[in-house]
Each structure stands twice: as C-alpha cells, then as structure tokens.
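Novice: Quick one, input-v4.cif (mmCIF, C-alpha atoms and all ligand atoms):
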data_input
loop_
_atom_site.label_atom_id
_atom_site.label_comp_id
_atom_site.auth_asym_id
_atom_site.auth_seq_id
_atom_site.Cartn_x
_atom_site.Cartn_y
_atom_site.Cartn_z
CA MET A 2 6.68 -4.06 13.09
CA GLY A 3 7.23 -3.20 9.41
CA MET A 4 4.17 -1.81 7.65
CA ARG A 5 3.75 -0.82 4.01
CA ILE A 6 0.92 1.02 2.25
CA GLY A 7 -0.11 0.82 -1.40
CA GLN A 8 -2.66 2.54 -3.62
CA GLY A 9 -4.17 1.54 -6.95
CA PHE A 10 -6.43 3.14 -9.55
CA ASP A 11 -8.12 1.90 -12.72
CA SER A 12 -10.85 2.92 -15.15
CA HIS A 13 -12.72 1.11 -17.93
CA ALA A 14 -15.44 2.32 -20.29
CA PHE A 15 -18.82 0.58 -20.39
CA LYS A 16 -19.42 -1.42 -23.56
CA PRO A 17 -22.54 -3.28 -24.73
CA GLY A 18 -22.35 -7.00 -25.48
CA VAL A 19 -19.79 -8.02 -22.86
CA PRO A 20 -20.45 -9.43 -19.38
CA LEU A 21 -19.95 -7.09 -16.41
CA VAL A 22 -17.33 -8.40 -13.96
CA ILE A 23 -16.39 -6.33 -10.90
CA GLY A 24 -14.52 -7.64 -7.89
CA GLY A 25 -14.51 -11.13 -9.37
CA LEU A 26 -18.35 -11.14 -9.48
CA LYS A 27 -20.40 -11.55 -12.64
CA ILE A 28 -23.07 -8.87 -12.32
CA GLU A 29 -26.39 -8.85 -14.18
CA HIS A 30 -26.33 -5.61 -16.23
CA THR A 31 -27.02 -4.23 -19.71
CA GLU A 32 -23.32 -3.60 -20.45
CA GLY A 33 -19.91 -4.78 -19.36
CA LEU A 34 -16.51 -3.09 -19.20
CA ALA A 35 -14.23 -2.84 -22.22
CA GLY A 36 -10.67 -4.11 -21.75
CA HIS A 37 -8.00 -6.41 -23.03
CA SER A 38 -8.80 -8.75 -20.11
CA ASP A 39 -12.25 -9.24 -18.53
CA GLY A 40 -12.08 -5.52 -17.61
CA ASP A 41 -12.45 -6.08 -13.86
CA VAL A 42 -11.69 -2.52 -12.83
CA LEU A 43 -11.73 -3.31 -9.10
CA LEU A 44 -9.33 -6.29 -9.23
CA HIS A 45 -6.96 -4.23 -11.42
CA ALA A 46 -6.88 -1.40 -8.85
CA ILE A 47 -6.32 -3.88 -5.99
CA THR A 48 -3.56 -5.62 -7.99
CA ASP A 49 -1.77 -2.30 -8.45
CA ALA A 50 -2.20 -1.36 -4.77
CA LEU A 51 -0.56 -4.67 -3.74
CA LEU A 52 2.28 -4.34 -6.25
CA GLY A 53 2.84 -0.71 -5.26
CA ALA A 54 3.00 -1.56 -1.56
CA VAL A 55 6.05 -3.77 -2.17
CA SER A 56 7.53 -1.58 -4.95
CA ALA A 57 7.10 -4.36 -7.49
CA GLY A 58 6.01 -2.31 -10.50
CA ASP A 59 2.46 -2.31 -11.85
CA ILE A 60 -0.07 -4.57 -13.55
CA GLY A 61 1.09 -3.60 -17.06
CA THR A 62 4.73 -4.51 -16.36
CA PHE A 63 3.65 -8.07 -15.47
CA PHE A 64 0.77 -8.37 -17.96
CA PRO A 65 1.28 -6.07 -20.96
CA PRO A 66 -1.99 -5.28 -22.78
CA SER A 67 -0.07 -6.07 -26.00
CA ASP A 68 0.36 -9.74 -24.93
CA PRO A 69 -2.35 -11.95 -26.50
CA ARG A 70 -2.13 -14.34 -23.53
CA TRP A 71 -4.16 -11.86 -21.45
CA LYS A 72 -6.94 -11.38 -24.01
CA GLY A 73 -10.18 -11.96 -22.12
CA ALA A 74 -8.20 -13.18 -19.07
CA ASP A 75 -9.87 -13.67 -15.68
CA SER A 76 -8.37 -10.80 -13.63
CA SER A 77 -7.94 -13.03 -10.57
CA VAL A 78 -4.80 -14.27 -12.39
CA PHE A 79 -3.27 -10.78 -12.06
CA LEU A 80 -4.26 -10.62 -8.40
CA GLU A 81 -2.61 -13.99 -7.68
CA THR A 82 0.70 -12.72 -9.07
CA ALA A 83 0.49 -9.57 -6.94
CA LEU A 84 -0.19 -11.72 -3.85
CA GLU A 85 2.89 -13.81 -4.65
CA GLU A 86 4.97 -10.61 -4.87
CA VAL A 87 3.66 -9.52 -1.47
CA ALA A 88 4.49 -12.90 0.11
CA THR A 89 7.95 -13.00 -1.50
CA ALA A 90 8.69 -9.56 -0.07
CA GLY A 91 7.77 -10.94 3.38
CA TYR A 92 4.42 -9.20 3.95
CA ARG A 93 0.77 -10.04 4.48
CA ILE A 94 -2.41 -7.99 4.11
CA VAL A 95 -3.75 -6.17 7.18
CA ASN A 96 -6.76 -4.66 5.40
CA ILE A 97 -7.85 -3.22 2.11
CA ASP A 98 -10.27 -0.42 1.30
CA THR A 99 -11.78 0.44 -2.07
CA VAL A 100 -14.04 2.97 -3.79
CA LEU A 101 -15.95 2.29 -7.00
CA VAL A 102 -17.15 5.31 -8.98
CA LEU A 103 -19.86 4.43 -11.48
CA MET A 104 -23.36 5.56 -12.34
CA ARG A 105 -24.87 2.08 -12.68
CA PRO A 106 -25.40 -0.58 -11.45
CA LYS A 107 -26.01 0.15 -7.77
CA ILE A 108 -23.26 -1.55 -5.81
CA VAL A 109 -24.65 -1.38 -2.27
CA PRO A 110 -27.18 -4.21 -2.79
CA ILE A 111 -24.33 -6.53 -3.88
CA ALA A 112 -21.52 -5.05 -1.75
CA GLY A 113 -21.68 -7.89 0.81
CA GLU A 114 -21.29 -10.55 -1.88
CA MET A 115 -18.50 -8.57 -3.56
CA ARG A 116 -16.69 -8.14 -0.23
CA GLN A 117 -16.84 -11.90 0.37
CA ARG A 118 -15.56 -12.66 -3.15
CA VAL A 119 -12.67 -10.18 -2.89
CA ALA A 120 -11.79 -11.49 0.59
CA ASP A 121 -11.73 -15.07 -0.76
CA LEU A 122 -9.46 -14.06 -3.64
CA LEU A 123 -7.12 -12.22 -1.25
CA GLY A 124 -7.18 -14.94 1.43
CA VAL A 125 -8.38 -12.50 4.12
CA LYS A 126 -11.54 -12.11 6.22
CA PRO A 127 -14.48 -10.13 4.74
CA GLY A 128 -14.07 -7.77 7.69
CA ASP A 129 -10.68 -6.80 6.29
CA VAL A 130 -12.16 -5.63 2.97
CA GLY A 131 -13.98 -2.34 2.37
CA ILE A 132 -16.24 -1.93 -0.68
CA LYS A 133 -17.75 1.51 -1.21
CA ALA A 134 -19.44 3.13 -4.21
CA LYS A 135 -20.15 6.65 -5.48
CA THR A 136 -21.78 8.04 -8.61
CA PRO A 137 -19.54 10.25 -10.78
CA GLU A 138 -21.78 13.22 -10.02
CA GLY A 139 -20.63 16.35 -11.87
CA LEU A 140 -17.76 14.55 -13.55
CA ASN A 141 -19.49 13.82 -16.88
CA GLN A 142 -18.22 10.22 -16.71
CA ASP A 143 -21.44 8.22 -16.72
CA GLY A 144 -20.08 5.77 -19.31
CA VAL A 145 -17.04 4.85 -17.23
CA ALA A 146 -16.32 2.73 -14.14
CA VAL A 147 -13.46 3.86 -11.91
CA ALA A 148 -11.91 2.04 -8.96
CA TYR A 149 -9.53 3.16 -6.21
CA ALA A 150 -7.87 0.75 -3.78
CA THR A 151 -5.71 1.24 -0.71
CA VAL A 152 -3.95 -1.64 1.00
CA LEU A 153 -2.04 -1.90 4.28
CA LEU A 154 0.55 -4.65 4.69
CA GLU A 155 2.48 -5.87 7.74
CA SER A 156 5.74 -7.74 7.93
CA LEU A 157 5.45 -11.52 8.32
CA ALA A 158 8.10 -11.39 11.08
CA GLU A 159 6.48 -11.09 14.52
CA PRO A 160 7.29 -7.88 16.44
CA GLY A 161 10.35 -8.40 18.61
CA GLU A 162 11.03 -11.74 17.00
CA PRO A 163 14.51 -11.57 15.50
CA ARG A 164 14.90 -13.10 12.07
CA ALA A 165 16.65 -16.48 12.30
CA MET A 166 20.37 -16.09 11.60
CA THR A 167 22.59 -19.13 11.21
CA ALA A 168 26.21 -19.36 10.21
CA THR A 169 28.81 -22.09 10.14
CA ALA A 170 32.53 -21.62 10.42
CA ASP A 171 35.52 -23.86 10.30
CA ILE A 172 37.31 -24.00 13.71
CA GLY A 173 40.60 -23.26 11.96
CA GLU A 174 39.13 -20.05 10.52
CA VAL A 175 37.79 -19.04 13.94
CA ASN A 176 41.24 -19.55 15.46
CA GLU A 177 42.80 -17.44 12.70
CA VAL A 178 40.38 -14.58 13.39
CA VAL A 179 40.99 -14.74 17.15
CA GLU A 180 44.75 -14.81 16.60
CA SER A 181 44.63 -11.82 14.26
CA LEU A 182 42.67 -9.87 16.86
CA VAL A 183 45.21 -10.69 19.56
CA VAL A 184 48.08 -9.76 17.23
CA GLY A 185 46.21 -6.55 16.44
CA VAL A 186 46.21 -5.63 20.13
CA ARG A 187 49.92 -6.41 20.36
CA ASP A 188 50.54 -4.32 17.25
CA THR A 189 48.80 -1.33 18.84
CA SER A 190 51.27 -1.32 21.74
CA ALA A 191 54.15 -1.98 19.37
CA LEU A 192 53.29 1.28 17.57
CA GLY A 193 54.09 3.08 20.80
CA ARG A 194 50.53 4.14 21.55
CA LYS A 195 49.87 4.49 25.24
CA MET A 196 47.70 1.68 26.51
CA PRO A 197 45.30 2.61 29.28
CA ALA A 198 46.76 1.27 32.51
CA PHE A 199 44.27 -0.13 34.96
CA ASP A 200 45.19 0.61 38.54
CA THR A 201 43.07 -0.77 41.35
CA ASP A 202 43.97 2.35 43.41
CA ASP A 203 41.79 4.34 40.96
CA LEU A 204 38.77 2.57 42.39
CA THR A 205 37.41 4.30 45.42
N1 LIG A 301 -22.92 2.86 -8.38
C1 LIG A 301 -23.29 3.26 -7.14
C2 LIG A 301 -23.19 4.57 -6.71
C3 LIG A 301 -23.61 4.90 -5.46
N2 LIG A 301 -24.10 3.95 -4.62
C4 LIG A 301 -24.62 4.31 -3.27
O1 LIG A 301 -25.29 5.56 -3.30
C5 LIG A 301 -24.71 6.45 -2.35
C6 LIG A 301 -24.76 7.86 -2.82
O2 LIG A 301 -23.91 8.03 -3.94
P1 LIG A 301 -23.60 9.49 -4.49
O3 LIG A 301 -22.55 9.32 -5.53
O4 LIG A 301 -24.89 9.98 -5.05
O5 LIG A 301 -23.13 10.30 -3.34
C7 LIG A 301 -23.29 5.93 -2.11
O6 LIG A 301 -22.79 6.32 -0.87
C8 LIG A 301 -23.56 4.44 -2.20
O7 LIG A 301 -24.07 4.01 -0.97
C9 LIG A 301 -24.17 2.67 -5.05
O8 LIG A 301 -24.59 1.76 -4.32
N3 LIG A 301 -23.76 2.33 -6.30
C1 LIG A 302 -5.12 -5.98 -17.34
C2 LIG A 302 -4.45 -5.67 -18.65
C3 LIG A 302 -3.92 -7.00 -19.14
O1 LIG A 302 -3.53 -6.99 -20.45
O2 LIG A 302 -5.30 -5.14 -19.63
P1 LIG A 302 -6.77 -4.49 -19.50
O3 LIG A 302 -7.80 -5.55 -19.30
O4 LIG A 302 -7.02 -3.61 -20.68
O5 LIG A 302 -6.77 -3.64 -18.19
P2 LIG A 302 -6.01 -2.25 -17.88
O6 LIG A 302 -6.27 -1.96 -16.45
O7 LIG A 302 -6.42 -1.20 -18.84
O8 LIG A 302 -4.46 -2.51 -18.19
C4 LIG A 302 -3.66 -3.47 -17.55
C5 LIG A 302 -3.30 -4.65 -18.42
O9 LIG A 302 -2.21 -5.22 -17.78
#
Turn the structure described in the file into structure tokens.
Ligand SMILES: Nc1ccn([C@@H]2O[C@H](COP(=O)(O)O)[C@@H](O)[C@H]2O)c(=O)n1
Ligand SMILES: C[C@@]1(CO)OP(=O)(O)OP(=O)(O)OC[C@H]1O
Specialist:
Amino acid sequence: MGMRIGQGFDSHAFKPGVPLVIGGLKIEHTEGLAGHSDGDVLLHAITDALLGAVSAGDIGTFFPPSDPRWKGADSSVFLETALEEVATAGYRIVNIDTVLVLMRPKIVPIAGEMRQRVADLLGVKPGDVGIKAKTPEGLNQDGVAVAYATVLLESLAEPGEPRAMTATADIGEVNEVVESLVVGVRDTSALGRKMPAFDTDDLT
C-alpha cells in the first residue's frame, strides 16, 4: 500500500485587538494572532503538511500573502484546497499529529473541542487527530504562537487491488500486430540464426 508523510510548520505573533482563532476555533483571549488571513497558525501548519505529503508546493504558492483576496480569510479555505490536492493525487488521511507552542492560553482544557473541529474540517475521526501543546520555555518567544503538524496518507487504491485498466483496439490493428510478430519470428530464422530445435528424445 502506498503511504506518504508530510510535515508543516507555522508561526504568528500575538496582537491585541484581533480575535484568536486556532484550529478553526474562536478562543476567548486577550489577543489574537497577526496575519494576512485570520492567522490560524494550526490550520496553516496542517495545510502545509498535507500539501507537502503530495509534493504540491506550499500554502503561499496557492494563497500568496500579497493577494488581497486572502485578507482576513477563514483559514479553512486553505485547508480545503490542500484536501483537494490530496484527493487528486489519490490519497486519504490516515492520521495527523500536531504540536502547538505558545505561552497562553492553555490549550489542554479546549484540546478535545479543537480535536473535534480539526477532525470535522479534515473529514476524519477525532481519534485520528492529535492536539498537543507546550510552552516556549527558554525560547524567549512568549509573544508568538508556533504550530507543527505531521500527516500520514495512504493510497486510495486497496492493497492488492490492481488499478482498473481498460483499452480498446480495432480488430484490424490486432491482426496487424499478430502478423508482424509472426513475420518477426520468420525473419529471425531468415537471418540464419540457429533456432532451438525441440526433440522429444531430450525428455527423459
Ligand atoms: N499553551 C499551553 C502550553 C502547555 N500546555 C500544557 O502544559 C503542559 C506542560 O507544558 P510545558 O511547556 O511547561 O512543558 C503541556 O504538556 C500541556 O499539557 C497547555 O495546555 N497549553
Ligand atoms: C495564509 C497566508 C494567506 O495570505 O497568509 P498569512 O495569514 O499571513 O499566514 P502565513 O502562514 O504567514 O502565510 C501564508 C499565506 O499564504
């Protein structure tokens, strides 16, 4: 069975006066994340992990930060495109694991809800989504939220199930091919090459 792995990373600085959105969830907090879009650091990392797994580029190649269409955009739009790329390449998600690195807010109390929301957006079961969080202890990055995502994909074709192959051919063309093969055999002998002689006496 064909498997593919992808990884994604993103970071956004905290900024007062904007809503905090992580993993598609609006979270009650004093600040949000700065960004051209809604700044959803987790969905951006997952989007890149999915695109990377099928070698389809990255979030910026599909949605350049210079394009005004993505100003304030809901990041689930980016995720949808990545999911389409995965499906077009012939894969589906096996599971996804993530790490959020941020000082505040505490993620564990809302991790279950976030897992459900991310699973819904990805079209997978909550049990196939990992949400973990760490503080940026010793990194001097208290004003930043960072996200890492890893995704495992499997081929849509069942193991051992050959891909359907169909072909049509004109009977005239088939006859021509058969004839050319027969002529080819004749030609071989005509070139004077020794043909293996089959003698029943060789069989003991
Ligand atoms: N924003 C965060 C950060 C951490 N947690 C939880 O706290 C645990 C300990 O984190 P350290 O960085 O101090 O090792 C971590 O394992 C999480 O369970 C959190 O919920 N939200
Ligand atoms: C999501 C996009 C969309 O304009 O912009 P941002 O919201 O700034 O997010 P980032 O992860 O910095 O860059 C990727 C961009 O494609």
Novice: Give me the residues within 7 Å of stretch 82-98 of chain A as number ranges by chain, counting all atoms listed in the file and dropping any in the same chain fewer than 3 places off.
Specialist: A: 48, 51-52, 55, 78-79, 129-132, 150-157
Novice: For the residues in the current selection, export C-alpha atoms as a CSV table (one decimal), in the frame of the given file.
Specialist:
chain,number,residue,atom,x,y,z
A,48,THR,CA,-3.6,-5.6,-8.0
A,51,LEU,CA,-0.6,-4.7,-3.7
A,52,LEU,CA,2.3,-4.3,-6.2
A,55,VAL,CA,6.0,-3.8,-2.2
A,78,VAL,CA,-4.8,-14.3,-12.4
A,79,PHE,CA,-3.3,-10.8,-12.1
A,129,ASP,CA,-10.7,-6.8,6.3
A,130,VAL,CA,-12.2,-5.6,3.0
A,131,GLY,CA,-14.0,-2.3,2.4
A,132,ILE,CA,-16.2,-1.9,-0.7
A,150,ALA,CA,-7.9,0.8,-3.8
A,151,THR,CA,-5.7,1.2,-0.7
A,152,VAL,CA,-4.0,-1.6,1.0
A,153,LEU,CA,-2.0,-1.9,4.3
A,154,LEU,CA,0.6,-4.6,4.7
A,155,GLU,CA,2.5,-5.9,7.7
A,156,SER,CA,5.7,-7.7,7.9
A,157,LEU,CA,5.4,-11.5,8.3
Novice: Name the residues, by chain letter and number, that sit within 8 Å of ligand LIG 301 (chain A) using only C-alpha atoms and all ligand atoms, and give them as a VMD selection string.
Specialist: chain A and resid 101 to 110 112 133 to 138
Novice: Write out as a ChimeraX atom specification each polymer residue whose atoms come within 10 Å of stretch 23-35 of chain A, counting only C-alpha atoms; drop sequence neighbours fewer than 6 positions from it.
Specialist: /A:12-17,41-47,73,75-77,101,105-106,108,111-112,114-122,132,144-146,148
Novice: Between A:Val100, A:Tyr149, A:Ala50, A:Asp59, which is the closest to A:Asp11 once you count only C-alpha atoms?
Specialist: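 Among the listed residues, the smallest separation from A:Asp11 belongs to A:Tyr149.
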Novice: What separation in Å, quoted to one decimal, exists between atom CA of A:Val22 and atom CA of A:Arg5?
Specialist: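 Taking atom CA of A:Val22 and atom CA of A:Arg5, their separation equals 28.7 Å.
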Novice: Mind pulling up the distance from atom CA of A:Thr62 to atom CA of A:Asp143?
Specialist: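 Separation between atom CA of A:Asp143 and atom CA of A:Thr62: 29.1 Å.
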Novice: Return as JSON the box centre and box size in Å, one decimal, for an axis-aligned box around all listed atoms of ligand LIG 302 (chain A) padded by 6 Å per side.
Specialist:
{"center_x": -5.0, "center_y": -4.1, "center_z": -18.6, "size_x": 17.6, "size_y": 17.8, "size_z": 16.2}
Novice: Between atom CA of A:Arg70 and atom P2 of ligand LIG 302 (chain A), what is the distance, to one decimal in Å?
Specialist: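 So the two atoms, atom CA of A:Arg70 and atom P2 of ligand LIG 302 (chain A), lie 13.9 Å apart.
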Novice: Looking at A:Val147, A:Ala158, A:Val175, A:Ile60, which one is nearest to ligand LIG 302 (chain A), with distances taken over only C-alpha atoms and all ligand atoms?
Specialist: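 Counting only C-alpha atoms and all ligand atoms, the residue closest to ligand LIG 302 (chain A) is A:Ile60.
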Novice: Would you give me, as a Markdown table, each residue of chain A having an atom within 6 Å of an atom of ligand LIG 302 (chain A), along with its shortest atom pair and that distance in Å to one decimal, using only C-alpha atoms and all ligand atoms and sorting by chain and residue number?
Specialist:
| residue | atom | partner | partner_atom | distance |
| --- | --- | --- | --- | --- |
| A:Asp11 | CA | A:LIG302 | O6 | 5.7 |
| A:Gly36 | CA | A:LIG302 | O4 | 3.8 |
| A:His37 | CA | A:LIG302 | O4 | 3.8 |
| A:Ser38 | CA | A:LIG302 | O3 | 3.4 |
| A:Asp39 | CA | A:LIG302 | O3 | 5.8 |
| A:Gly40 | CA | A:LIG302 | O3 | 4.6 |
| A:His45 | CA | A:LIG302 | O6 | 5.6 |
| A:Ile60 | CA | A:LIG302 | O9 | 4.8 |
| A:Gly61 | CA | A:LIG302 | O9 | 3.7 |
| A:Phe64 | CA | A:LIG302 | O9 | 4.3 |
| A:Pro65 | CA | A:LIG302 | O9 | 4.8 |
| A:Pro66 | CA | A:LIG302 | O1 | 3.3 |
| A:Trp71 | CA | A:LIG302 | O1 | 5.0 |
Novice: Which one is closest to A:Gly58: A:Gly128, A:Gly139, A:Gly173, A:Gly7? Count only C-alpha atoms.
Specialist: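 Distance minimum relative to A:Gly58 lands on A:Gly7.
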Novice: Point out the residue among A:Leu123, A:Gly113, A:Ser56, A:Leu21 with the least atom-to-atom distance to A:Ile6, counting only C-alpha atoms.
Specialist: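 For A:Ile6, the nearest of the candidates is A:Ser56.
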